[in-house]
Every structure is written in structure tokens, then in C-alpha cells.
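Q: Data: entry.txt, compact mmCIF, C-alpha atoms.
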# COMPACT_ATOMS: atom_id res chain seq x y z
CA MET P 18 171.04 102.52 89.53
CA PRO P 19 167.95 103.75 87.64
CA ARG P 20 168.30 102.70 83.99
CA ARG P 21 167.66 106.17 82.63
CA LEU P 22 170.75 107.35 84.53
CA LEU P 23 173.11 104.67 83.25
CA GLY P 24 173.89 106.29 79.88
CA PRO P 25 174.53 109.86 81.10
CA ILE P 26 176.59 108.66 84.08
CA LEU P 27 178.78 106.47 81.86
CA VAL P 28 179.27 109.42 79.49
CA VAL P 29 180.47 111.59 82.40
CA GLU P 30 182.82 108.89 83.69
CA LEU P 31 184.27 108.06 80.26
CA THR P 32 184.71 111.77 79.54
CA ALA P 33 186.64 112.18 82.78
CA ALA P 34 188.86 109.22 81.93
CA LEU P 35 189.46 110.38 78.34
CA LEU P 36 190.29 113.98 79.30
CA THR P 37 192.66 112.70 82.00
CA VAL P 38 194.57 110.65 79.41
CA LEU P 39 194.63 113.57 76.96
CA SER P 40 195.95 115.92 79.66
CA ILE P 41 199.17 113.90 80.13
CA ALA P 42 202.23 115.81 79.00
CA PRO P 43 205.89 114.65 78.95
CA GLY P 44 207.07 117.28 81.45
CA ASP P 45 204.39 116.57 84.05
CA PHE P 46 206.39 114.15 86.15
CA ASP P 47 209.40 116.12 87.35
CA ARG P 48 210.58 115.80 90.93
CA ARG P 49 209.08 119.10 92.15
CA THR P 50 205.54 118.43 90.88
CA ILE P 51 205.57 114.84 92.14
CA MET P 52 206.69 115.97 95.61
CA MET P 53 204.07 118.71 95.68
CA SER P 54 201.37 116.22 94.60
CA LEU P 55 202.40 113.79 97.35
CA LEU P 56 202.38 116.61 99.91
CA VAL P 57 198.87 117.78 98.98
CA CYS P 58 197.64 114.17 98.86
CA GLY P 59 199.12 113.46 102.29
CA LEU P 60 197.62 116.63 103.76
CA GLY P 61 194.22 115.64 102.37
CA ILE P 62 194.45 112.19 103.99
CA VAL P 63 195.62 113.67 107.31
CA HIS P 64 192.72 116.13 107.20
CA SER P 65 190.26 113.28 106.54
CA GLU P 66 191.62 111.27 109.45
CA VAL P 67 191.57 114.21 111.87
CA ALA P 68 188.00 115.13 110.89
CA LEU P 69 186.87 111.49 110.56
CA ARG P 70 184.48 111.47 113.51
CA VAL P 71 182.87 114.77 112.56
CA GLU P 72 182.46 113.68 108.94
CA ARG P 73 180.88 110.37 109.90
CA VAL P 74 178.33 112.15 112.09
CA ARG P 75 177.65 114.68 109.33
CA ARG P 76 177.02 111.97 106.76
CA ARG P 77 174.68 110.11 109.12
CA ILE P 78 172.36 113.09 109.39
CA ILE P 79 172.46 114.27 105.76
CA ASP P 80 172.45 112.45 102.44
CA THR P 81 173.87 114.91 99.95
CA LEU P 82 177.13 115.13 98.06
CA HIS P 83 176.62 118.74 96.97
CA VAL P 84 179.36 119.99 99.28
CA ASP P 85 182.51 118.24 100.34
CA LEU P 86 185.25 119.90 102.41
CA SER P 87 187.99 117.80 100.79
CA SER P 88 187.75 120.23 97.85
CA VAL P 89 190.28 122.35 99.77
CA TRP P 90 192.93 119.83 98.67
CA THR P 91 191.56 118.89 95.26
CA PHE P 92 191.34 122.55 94.27
CA ALA P 93 194.82 123.28 95.64
CA ALA P 94 196.16 120.41 93.54
CA ALA P 95 194.38 121.73 90.45
CA VAL P 96 196.11 125.08 90.95
CA LEU P 97 199.58 123.85 91.92
CA VAL P 98 200.40 120.79 89.80
CA PRO P 99 199.80 119.58 86.22
CA PRO P 100 196.27 118.32 85.46
CA VAL P 101 197.04 114.60 85.44
CA LEU P 102 198.66 114.82 88.89
CA ALA P 103 195.74 116.92 90.17
CA VAL P 104 193.42 114.14 88.98
CA ALA P 105 195.51 111.58 90.86
CA VAL P 106 195.36 113.66 94.06
CA ALA P 107 191.58 114.08 93.72
CA ALA P 108 191.03 110.34 93.14
CA VAL P 109 193.15 109.32 96.14
CA VAL P 110 191.78 111.91 98.58
CA PHE P 111 188.17 111.41 97.56
CA THR P 112 188.38 107.60 97.60
CA HIS P 113 190.09 107.62 101.01
CA LEU P 114 187.33 109.85 102.37
CA TRP P 115 184.65 107.56 100.92
CA TRP P 116 186.30 104.44 102.31
CA ARG P 117 186.71 105.86 105.79
CA SER P 118 183.54 107.92 106.17
CA TRP P 119 180.85 107.34 103.55
CA ARG P 120 181.07 103.69 102.52
CA PRO P 121 178.09 102.44 104.59
CA ARG P 122 175.77 105.10 103.10
CA VAL P 123 177.11 105.84 99.63
CA ALA P 124 176.96 103.12 96.96
CA VAL P 125 180.02 102.41 94.84
CA TYR P 126 178.42 103.69 91.62
CA ARG P 127 177.60 106.99 93.33
CA HIS P 128 181.16 107.31 94.56
CA VAL P 129 182.58 106.60 91.10
CA PHE P 130 180.30 109.20 89.53
CA SER P 131 181.12 111.76 92.24
CA THR P 132 184.82 111.13 91.69
CA ALA P 133 184.33 111.68 87.96
CA THR P 134 182.63 115.04 88.62
CA ILE P 135 185.53 116.07 90.89
CA VAL P 136 188.03 114.99 88.21
CA LEU P 137 186.26 117.09 85.55
CA SER P 138 186.06 120.03 87.96
CA CYS P 139 189.79 119.74 88.67
CA LEU P 140 190.63 119.58 84.96
CA ALA P 141 188.51 122.67 84.27
CA ALA P 142 190.05 124.60 87.17
CA ALA P 143 193.54 123.47 86.19
CA ALA P 144 192.97 124.78 82.67
CA VAL P 145 192.20 128.24 84.08
CA ALA P 146 194.93 128.26 86.73
CA GLY P 147 197.45 126.84 84.26
CA VAL P 148 197.37 130.08 82.26
CA HIS P 149 199.16 131.80 85.12
CA ARG P 150 201.18 128.81 86.28
CA ASP P 151 202.59 128.17 82.81
CA GLY P 152 203.57 131.81 82.55
CA GLY P 153 206.11 131.20 85.29
CA SER P 154 205.08 134.16 87.47
CA GLY P 155 203.92 132.00 90.37
CA LEU P 156 200.96 132.35 92.72
CA ASP P 157 202.29 135.34 94.63
CA GLY P 158 199.00 137.21 94.98
CA GLU P 159 199.55 139.70 92.15
CA GLY P 160 196.52 140.95 90.26
CA ALA P 161 196.48 138.49 87.37
CA GLY P 162 197.01 135.51 89.68
CA VAL P 163 194.19 136.55 91.99
CA LEU P 164 191.78 136.97 89.07
CA LEU P 165 192.72 133.59 87.66
CA LEU P 166 192.26 131.97 91.08
CA ALA P 167 188.79 133.52 91.31
CA GLY P 168 188.04 132.27 87.79
CA ALA P 169 189.25 128.78 88.68
CA ILE P 170 186.98 128.75 91.76
CA LEU P 171 184.00 129.77 89.63
CA VAL P 172 184.75 127.16 86.95
CA TYR P 173 185.27 124.38 89.52
CA THR P 174 181.97 125.19 91.25
CA THR P 175 180.04 125.50 87.99
CA VAL P 176 181.21 122.19 86.54
CA ASN P 177 180.72 120.24 89.78
CA THR P 178 177.31 121.75 90.54
CA ALA P 179 176.04 121.30 86.98
CA LEU P 180 177.02 117.62 86.83
CA VAL P 181 175.64 116.74 90.26
CA ALA P 182 172.44 118.75 89.70
CA GLY P 183 171.94 117.06 86.33
CA ALA P 184 172.21 113.61 87.90
CA VAL P 185 169.83 114.56 90.72
CA ALA P 186 167.31 116.03 88.27
CA MET P 187 167.42 112.98 85.97
CA SER P 188 166.99 110.56 88.89
CA ASN P 189 163.68 112.20 89.84
CA PRO P 190 160.63 111.92 87.53
CA GLN P 191 159.52 115.36 88.77
CA PRO P 192 162.81 117.19 89.38
CA ASP P 193 163.01 120.09 91.79
CA ILE P 194 165.61 122.49 90.42
CA SER P 195 166.25 124.13 93.79
CA LYS P 196 166.95 120.76 95.41
CA ALA P 197 169.12 119.66 92.51
CA LEU P 198 171.27 122.78 92.66
CA GLY P 199 171.48 122.73 96.44
CA ARG P 200 170.60 125.47 98.89
CA TRP P 201 172.23 128.87 98.84
CA ASP P 202 174.08 128.19 102.09
CA ASP P 203 175.50 124.98 100.57
CA ILE P 204 176.73 126.92 97.54
CA LEU P 205 178.27 129.60 99.77
CA LEU P 206 179.96 126.88 101.83
CA GLU P 207 181.44 125.44 98.64
CA PHE P 208 182.80 128.86 97.67
CA ALA P 209 184.27 129.28 101.16
CA THR P 210 185.93 125.85 100.96
CA LEU P 211 187.39 126.56 97.53
CA SER P 212 188.62 129.95 98.72
CA LEU P 213 190.42 128.15 101.52
CA GLY P 214 191.84 125.83 98.87
CA ALA P 215 193.14 128.86 96.95
CA ILE P 216 194.79 130.19 100.13
CA THR P 217 196.32 126.73 100.66
CA ALA P 218 197.75 126.76 97.14
CA VAL P 219 199.29 130.20 97.67
CA ALA P 220 200.75 129.13 101.04
CA LEU P 221 202.26 125.96 99.58
CA SER P 222 203.76 127.85 96.64
CA ILE P 223 205.45 130.33 98.99
CA ASN P 224 206.47 128.08 101.88
CA PRO P 225 204.98 124.61 102.52
CA MET P 226 205.28 125.16 106.28
CA LEU P 227 202.59 127.85 106.05
CA VAL P 228 200.00 125.15 105.41
CA VAL P 229 199.81 124.49 109.17
CA LEU P 230 197.94 127.81 109.39
CA VAL P 231 195.22 126.44 107.09
CA LEU P 232 194.33 123.34 109.12
CA PRO P 233 192.83 125.06 112.23
CA PRO P 234 190.23 127.15 110.30
CA LEU P 235 189.42 124.09 108.18
CA LEU P 236 188.69 121.99 111.27
CA VAL P 237 186.63 124.84 112.75
CA LEU P 238 184.65 124.97 109.49
CA HIS P 239 184.00 121.22 109.85
CA ARG P 240 182.59 121.78 113.34
CA ALA P 241 180.48 124.75 112.26
CA VAL P 242 178.95 122.76 109.39
CA LEU P 243 178.23 119.85 111.75
CA VAL P 244 176.52 122.13 114.27
CA LYS P 245 174.37 123.60 111.51
CA HIS P 246 173.35 120.15 110.25
CA LEU P 247 172.60 118.95 113.79
CA GLU P 248 170.40 122.00 114.32
CA GLU P 249 168.55 121.26 111.10
CA ALA P 250 168.10 117.62 112.12
CA ALA P 251 166.72 118.70 115.51
CA ASN P 252 164.17 120.93 113.75
CA THR P 253 163.08 118.35 111.17
CA ASP P 254 160.44 115.64 111.38
CA GLY P 255 162.13 112.38 110.47
CA LYS P 256 159.23 110.82 108.52
CA THR P 257 158.26 113.77 106.33
CA GLY P 258 161.24 116.13 106.23
CA LEU P 259 158.98 118.98 107.35
CA LEU P 260 159.52 121.18 110.39
CA ASN P 261 158.61 119.45 113.63
CA ALA P 262 156.06 121.01 115.97
CA ALA P 263 158.55 122.85 118.20
CA ALA P 264 160.53 124.32 115.29
CA TRP P 265 157.35 125.33 113.47
CA HIS P 266 156.06 127.18 116.55
CA VAL P 267 159.31 129.12 116.94
CA GLN P 268 159.48 130.16 113.29
CA ALA P 269 155.75 130.88 113.03
CA GLU P 270 155.93 133.22 116.06
CA ARG P 271 158.76 135.07 114.33
CA VAL P 272 156.80 135.41 111.07
CA LEU P 273 153.59 136.39 112.84
CA HIS P 274 155.17 139.27 114.75
CA ARG P 275 157.38 140.51 111.94
CA ARG P 276 156.10 143.85 110.76
CA ARG P 277 156.97 144.57 107.17
CA ARG P 278 154.59 146.00 104.60
CA ALA P 279 155.74 143.49 101.98
CA ASP P 280 154.71 140.58 104.19
CA GLY P 281 150.98 141.22 103.76
CA MET P 282 148.43 139.26 105.79
CA ARG P 283 149.18 135.93 107.44
CA GLY P 284 147.06 132.82 107.66
CA VAL P 285 147.25 129.34 109.15
CA LEU P 286 146.01 125.99 107.85
CA VAL P 287 145.56 123.03 110.19
CA LEU P 288 145.17 119.75 108.26
CA ASP P 289 144.19 116.29 109.43
CA LEU P 290 144.15 113.16 107.26
CA ASP P 291 140.74 111.52 107.43
CA HIS P 292 140.58 107.92 108.69
CA PHE P 293 144.36 107.63 108.68
CA LYS P 294 144.22 104.90 111.33
CA ALA P 295 142.51 102.69 108.75
CA VAL P 296 145.58 102.97 106.50
CA ASN P 297 147.84 101.77 109.31
CA ASP P 298 145.45 99.00 110.33
CA THR P 299 144.95 97.77 106.76
CA HIS P 300 148.39 98.15 105.22
CA GLY P 301 150.77 98.56 108.18
CA HIS P 302 152.65 101.47 109.68
CA LEU P 303 155.32 101.50 106.97
CA ALA P 304 152.61 102.15 104.40
CA GLY P 305 151.29 104.90 106.67
CA ASP P 306 154.75 106.49 106.71
CA HIS P 307 154.80 106.49 102.89
CA VAL P 308 151.41 108.21 102.88
CA LEU P 309 152.60 110.87 105.33
CA ALA P 310 155.66 111.54 103.18
CA ALA P 311 153.51 111.81 100.03
CA VAL P 312 151.14 114.29 101.70
CA ALA P 313 154.15 116.29 102.91
CA ASP P 314 155.38 116.48 99.29
CA ILE P 315 151.99 117.85 98.23
CA LEU P 316 152.13 120.52 100.92
CA ARG P 317 155.61 121.58 99.86
CA THR P 318 154.62 121.87 96.20
CA GLU P 319 151.34 123.71 96.81
CA VAL P 320 152.78 126.54 98.93
CA ARG P 321 155.66 128.92 98.36
CA GLU P 322 159.15 128.21 99.57
CA ARG P 323 158.94 130.96 102.21
CA ASP P 324 155.75 129.51 103.74
CA LEU P 325 156.20 127.37 106.86
CA VAL P 326 155.06 123.75 106.64
CA GLY P 327 155.22 121.48 109.67
CA ARG P 328 153.98 118.21 111.07
CA PHE P 329 152.24 118.47 114.41
CA GLY P 330 152.36 114.75 115.06
CA GLY P 331 150.31 111.76 113.99
CA GLU P 332 148.43 112.64 110.83
CA GLU P 333 148.13 116.37 111.53
CA PHE P 334 149.97 119.07 109.58
CA VAL P 335 150.10 122.85 109.84
CA VAL P 336 151.00 125.60 107.37
CA MET P 337 151.59 129.32 107.87
CA LEU P 338 151.30 131.53 104.80
CA ALA P 339 152.46 135.15 104.71
CA GLY P 340 152.01 137.81 102.06
CA LEU P 341 148.36 136.99 101.35
CA GLU P 342 146.80 139.41 98.88
CA GLY P 343 143.59 141.38 99.21
CA SER P 344 141.45 140.36 102.16
CA GLY P 345 143.54 137.22 102.44
CA SER P 346 140.69 134.83 103.14
CA ALA P 347 139.96 134.00 99.49
CA GLU P 348 143.61 133.16 98.76
CA LEU P 349 143.91 131.15 101.98
CA GLU P 350 140.84 129.08 101.14
CA ALA P 351 142.02 128.62 97.53
CA VAL P 352 145.33 127.17 98.73
CA ALA P 353 143.54 124.91 101.22
CA ASP P 354 141.10 123.62 98.61
CA ARG P 355 143.92 123.00 96.13
CA ILE P 356 145.66 120.86 98.76
CA ARG P 357 142.40 119.05 99.54
CA ARG P 358 141.88 118.16 95.89
CA ARG P 359 145.50 117.01 95.44
CA VAL P 360 145.22 114.69 98.44
CA ALA P 361 141.91 113.30 97.16
CA ASP P 362 143.61 112.43 93.85
CA LEU P 363 146.71 111.02 95.53
CA ARG P 364 147.82 107.50 94.69
CA VAL P 365 150.75 106.26 96.78
CA GLU P 366 152.79 103.41 95.30
CA ILE P 367 154.55 101.39 98.00
CA PRO P 368 157.09 98.66 97.15
CA THR P 369 156.51 95.38 98.99
CA PRO P 370 158.01 91.86 98.70
CA ASP P 371 154.80 90.79 96.92
CA GLY P 372 154.89 93.66 94.45
CA PRO P 373 153.84 97.32 94.51
CA LEU P 374 150.96 98.29 96.79
CA SER P 375 148.72 101.21 95.84
CA VAL P 376 147.04 103.31 98.53
CA MET P 377 144.32 105.64 97.30
CA GLY P 378 140.99 107.06 98.39
CA LEU P 379 142.65 109.43 100.87
CA SER P 380 141.14 112.70 102.01
CA VAL P 381 142.02 115.58 104.29
CA SER P 382 140.01 118.02 106.37
CA ILE P 383 141.39 121.55 106.68
CA GLY P 384 140.70 124.40 109.07
CA CYS P 385 141.80 127.92 108.12
CA ALA P 386 142.30 131.07 110.16
CA LEU P 387 143.39 134.53 109.04
CA SER P 388 145.39 136.78 111.34
CA PRO P 389 144.10 140.28 112.12
CA ASP P 390 146.51 143.10 111.42
CA THR P 391 147.79 143.55 114.99
CA GLY P 392 147.75 142.01 118.43
CA VAL P 393 147.06 138.40 117.50
CA ASP P 394 148.65 135.53 119.37
CA LEU P 395 149.75 132.37 117.57
CA ARG P 396 147.78 130.29 120.07
CA ASP P 397 144.56 132.17 119.19
CA LEU P 398 145.24 131.71 115.48
CA LEU P 399 145.83 127.97 115.87
CA GLN P 400 142.78 127.59 118.10
CA ALA P 401 140.56 129.23 115.47
CA ALA P 402 141.95 127.01 112.71
CA ASP P 403 141.65 123.91 114.90
CA LYS P 404 137.99 124.62 115.68
CA ALA P 405 137.37 125.16 111.97
CA LEU P 406 139.05 121.79 111.32
CA TYR P 407 136.57 120.02 113.60
CA VAL P 408 133.68 121.74 111.85
CA ALA P 409 135.11 120.42 108.54
CA LYS P 410 135.22 116.91 109.99
CA GLY P 411 131.67 117.28 111.28
CA ALA P 412 130.56 118.33 107.80
CA GLY P 413 131.53 114.96 106.37
CA ARG P 414 135.33 115.34 106.12
CA ASN P 415 137.25 116.07 102.90
CA ALA P 416 136.28 119.70 103.43
CA VAL P 417 137.69 123.18 104.10
CA ARG P 418 136.30 125.54 106.72
CA MET P 419 137.32 129.07 107.71
CA GLY P 420 137.50 130.24 111.33
CA SER P 421 137.78 133.80 112.59
CA VAL P 422 140.03 135.16 115.30
CA GLN P 423 139.27 137.65 118.05
CA LEU P 424 141.90 138.72 120.52
CA GLY P 425 142.10 136.41 123.51
CA ARG P 426 139.47 134.00 122.21
CA ALA P 427 138.67 132.28 118.95
CA PRO P 428 134.94 132.06 118.12
CA LEU P 429 134.16 130.10 114.98
CA ARG P 430 132.52 131.52 111.90
CA PRO P 431 132.08 128.80 109.27
CA VAL P 432 131.76 130.58 105.96
CA THR P 433 132.71 128.06 103.27
CA THR P 434 131.16 124.97 101.79
CA THR P 435 134.15 123.53 99.99
CA GLY P 436 134.05 119.72 99.85
CA PRO P 437 131.19 117.26 100.29
CA GLU P 438 128.63 117.78 103.03
CA ALA P 439 127.64 115.13 105.55
CA GLY P 440 124.59 114.11 103.53
CA ASP P 441 126.41 113.80 100.18
Represent the structure of the file as C-alpha cells.
A:
Amino acid sequence: MPRRLLGPILVVELTAALLTVLSIAPGDFDRRTIMMSLLVCGLGIVHSEVALRVERVRRRIIDTLHVDLSSVWTFAAAVLVPPVLAVAVAAVVFTHLWWRSWRPRVAVYRHVFSTATIVLSCLAAAAVAGVHRDGGSGLDGEGAGVLLLAGAILVYTTVNTALVAGAVAMSNPQPDISKALGRWDDILLEFATLSLGAITAVALSINPMLVVLVLPPLLVLHRAVLVKHLEEAANTDGKTGLLNAAAWHVQAERVLHRRRRADGMRGVLVLDLDHFKAVNDTHGHLAGDHVLAAVADILRTEVRERDLVGRFGGEEFVVMLAGLEGSGSAELEAVADRIRRRVADLRVEIPTPDGPLSVMGLSVSIGCALSPDTGVDLRDLLQAADKALYVAKGAGRNAVRMGSVQLGRAPLRPVTTTGPEAGD
């Protein structure tokens, strides 16, 4: 564990333990609440076993704990039983899931911290749901109960997301808030899972046999999430996390032919790392992979989130930018030159058995092409940028060149002198 994380993580875990102890009340352990806790706990374990294969595949292709479908049962416990019993259900269900599905990929300290965040989320949700439960009116779907369930869902999500995002942000020297918080579809999936947990709680409070109606949609949700993650894995380059060539082509065609006034002009950058073979030959292919990943990070940070960044293979990358202002060419070249300068300043630290290895002195050549307003084909746009790339390499590398596109063919018009010339 990174040392800077040790203090905050211990604070979260000790807080979870302390609040659990403080939540114990004399009347918590009556026969009804114990039986309900055992039922929810058993259902959570059965669900984990039934979905075991799907969950193992899902955890092999992603490495995030933002969303976990076992929250159906932990949230139901937070709503139905006293806080200390809800904590016990969450600890058992979550630990069983870790032991059966995640253990090879998730370290013990990460599991303990994740369990602590779930415990705190359950305690917060139980505090909200307990207002209605303690009133004795039951979870029968009346107005006040529905509002409190919605409030409990919001509190559970907020606490869990804030704690996980804080840990992710602190573990990264340059935190990305969007990555720390998770994607919008992950957040929506969490809300959907908790909503299913609320339905489960209502079903169990009315008639425990109704819970059999919850399991089929939950298993279907598992499959749908797996399909989505498999699709993302198929579209992603394994070394850089960027779009692979096929996925980039499909999405770039869609962006290129989309006709909305707000989209503005579109442009393409084709980038090639100069003398990349020398990095592999000198330091090995693992060092080369670190360099590719570092360059990919630069590309992601230097363009907007809606821009398409892909790896074409080897040391070649491609970017499509939409919504370019004015004539478009000046902004396109400015982005390209910013990337060129960032790569030139890049210093990649690579851990080795003999100590850290630093790779520096990198450079990139970039060809640019701007799309005409109508009738352009992606192939023509890429051909113009690719020809401009070779002009940049012929000019001494570490340079940016602009190509022009004409329908059906792509004659080159070098117009920039960014970067050193061949004689420099």
C-alpha cells in the first residue's frame, strides 16, 4: 500500500468499526431480525454462487470496485434490520464474494477498505431508512416510505462513491476526478442495483417468498453488465487503454458523418513515435510498453474527453477532434504541437530489479488533416494526415505538418514549420 494512503485508510476502517460498535442496541437481536438477517445473508451467498462464473469473468477484464452487484443484499439489509445486523450481513456477503471471485486480483488491504466503505454506506442508509422502520409503519410502499427509500439510496451511493473516489484520487499523484468518481454508466448501474435492493427489501417485508421474483432480473443484469464489459475489452488496446484500430474506425466514421451545427469542423492527427525501435532494442519490449502507455496518457490529457484517441498498432496513434473553432487548422495544429512538446519533455520511470530506469529523449512526428464541410471520406482524411506525417519525418522528425484533403484523393500541402528542420 502507498504510504500516503495508510493514514486515511486506517481512519476509514477504524471509523467503520467504531460506528458499528456504537450502533449496537439492546433490542437488536430479537428472533425476527436475526432470522431476516440470516435470510438476506443466505440469499446474498446464493446469488454470489449462481453468478460466480460471470463475476469471475467480469473481474478478469476490469479492475474497478466502483460498482458491485452484491449491494442489492447489503442495501436490503440496511433497510430491513438494525444497523449492527446490516453490518454483519454486508461483511459476510462481501467477504464471501471476495473469497470466491476476486481474491486472485484484489489484495487483502483493498478488500478490507472496500468492506469498510460498504459498512459505512450501510450505516448511513440504515440511519435514513430507520426513521420509517422505527415508526412501525412498515415498508408498504406508502409515500413516506418511498421517499425514505430514495433518500437511503442516495445516501448509500454518496458515501460509498466519496470514500472510494477519495482513495483513488489519493493513490494517484495526478488524480483524474472523472476516473475517481467512475463513469456515468457505472453510477447509473449502482443506482439500478440499489433500486433492486429497495424492491427486495419491500418484497421481503411483505412476503419472503416474493424474493424469488428478484433473482431473475438480477442475474440478467449480471449478464448485461458482462456483455458491456466484454464489448469494451474488445474495443480497447491492451497496452495503452486507448481504442484499438477497428473500434476507432467505427466511431470516427460515426463522428465524421454526424451533422450537427454544434459539432463544428473535424480534424485528424496521425502520430508516430520517432526511433521507437531503438527503445525496444536498448531497454527491452517491457520498457517500450511503458513508453507507449505514457504517450497514451499524454494524448488523453491533451484532448477533450469527447475526442477519439486510438492506437493504430506499433508506435502509431491517431486522434479525431470535433468542434474545432474558426477555420479549424490553427486549433488542430496547436493541439498537435502541444502533444509534440509534451512527448519531447517526457521522462518515463520504469521499475526494474536493478532500480528505476529512466527513458527520455523521445519525440513524435505528427501529420494533421482537416475535414471539408461535406462529402469527405475517412480514408481520404487519414491518407492526407498520413502523407503529412511522412513529410514531418522527412523534415527531421519531432515536427508537425498539415495536409489538405480533396474528395477522392489527398494531395499534400505542407504549410507549417513546427519543430526542428532536417538541418537543425
Q: Skip stretch 61-71 of chain P itself and residues of its chain fewer than 6 positions away, then list as number ranges by chain all residues within 12 Å of it, counting all atoms listed in the file.
A: P: 54-55, 77-78, 85-94, 106-119, 214, 217, 228-229, 231-244, 246-247
Q: Do you have the atom CA of P:Gly59-atom CA of P:Asp45 distance handy?
A: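 Between atom CA of P:Gly59 and atom CA of P:Asp45 the gap is 19.2 Å.
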Q: Excluding P:Gly44 and its own-chain neighbours fewer than 3 positions away, which residues fall within 12 Å of it when counting only C-alpha atoms? Please give them as a PyMOL selection string.
A: chain P and resi 40-41+47-51+98-102+151
Q: Could you pull the residues within 7 Å of stretch 354-358 of chain P, counting all atoms listed in the file, minus those fewer than 4 positions along the same chain, as a VMD selection string?
A: chain P and resid 316 319 350 362 380 to 381 415 417
Q: How many Å lie between atom CA of P:Met282 and atom CA of P:Pro389, rounded to one decimal?
A: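 We find that atom CA of P:Met282 and atom CA of P:Pro389 lie 7.7 Å from each other.
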Q: For atom CA of P:Arg364 and atom CA of P:Arg323, quote the distance in Å rounded to one decimal.
A: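 Going from atom CA of P:Arg364 over to atom CA of P:Arg323, I get 27.0 Å.
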Q: Using all atoms listed in the file, find the one residue out of P:Leu230, P:Val129, P:Ala311, P:Ala339 that sits nearest to P:Leu290.
A: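 For P:Leu290, the nearest of the given residues is P:Ala311.
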Q: Using all atoms listed in the file, pick whichever of P:Val393, P:Val181, P:Leu338, P:Leu221 has the shortest atom-to-atom distance to P:His274.
A: P:Val393
Q: Which neighbours of P:Gly384 fall inside 10 Å, counting all atoms listed in the file, when residues of the same chain fewer than 6 positions from it are skipped, and could you give them as number ranges by chain?
A: P: 285-289, 335, 350, 353, 399-410, 416-420, 431
Q: Identify which of the residues P:Met187, P:Met337, P:Ala141, P:Ala250 lies closest to P:Gly24, counting only C-alpha atoms when measuring atom-to-atom distances.
A: P:Met187
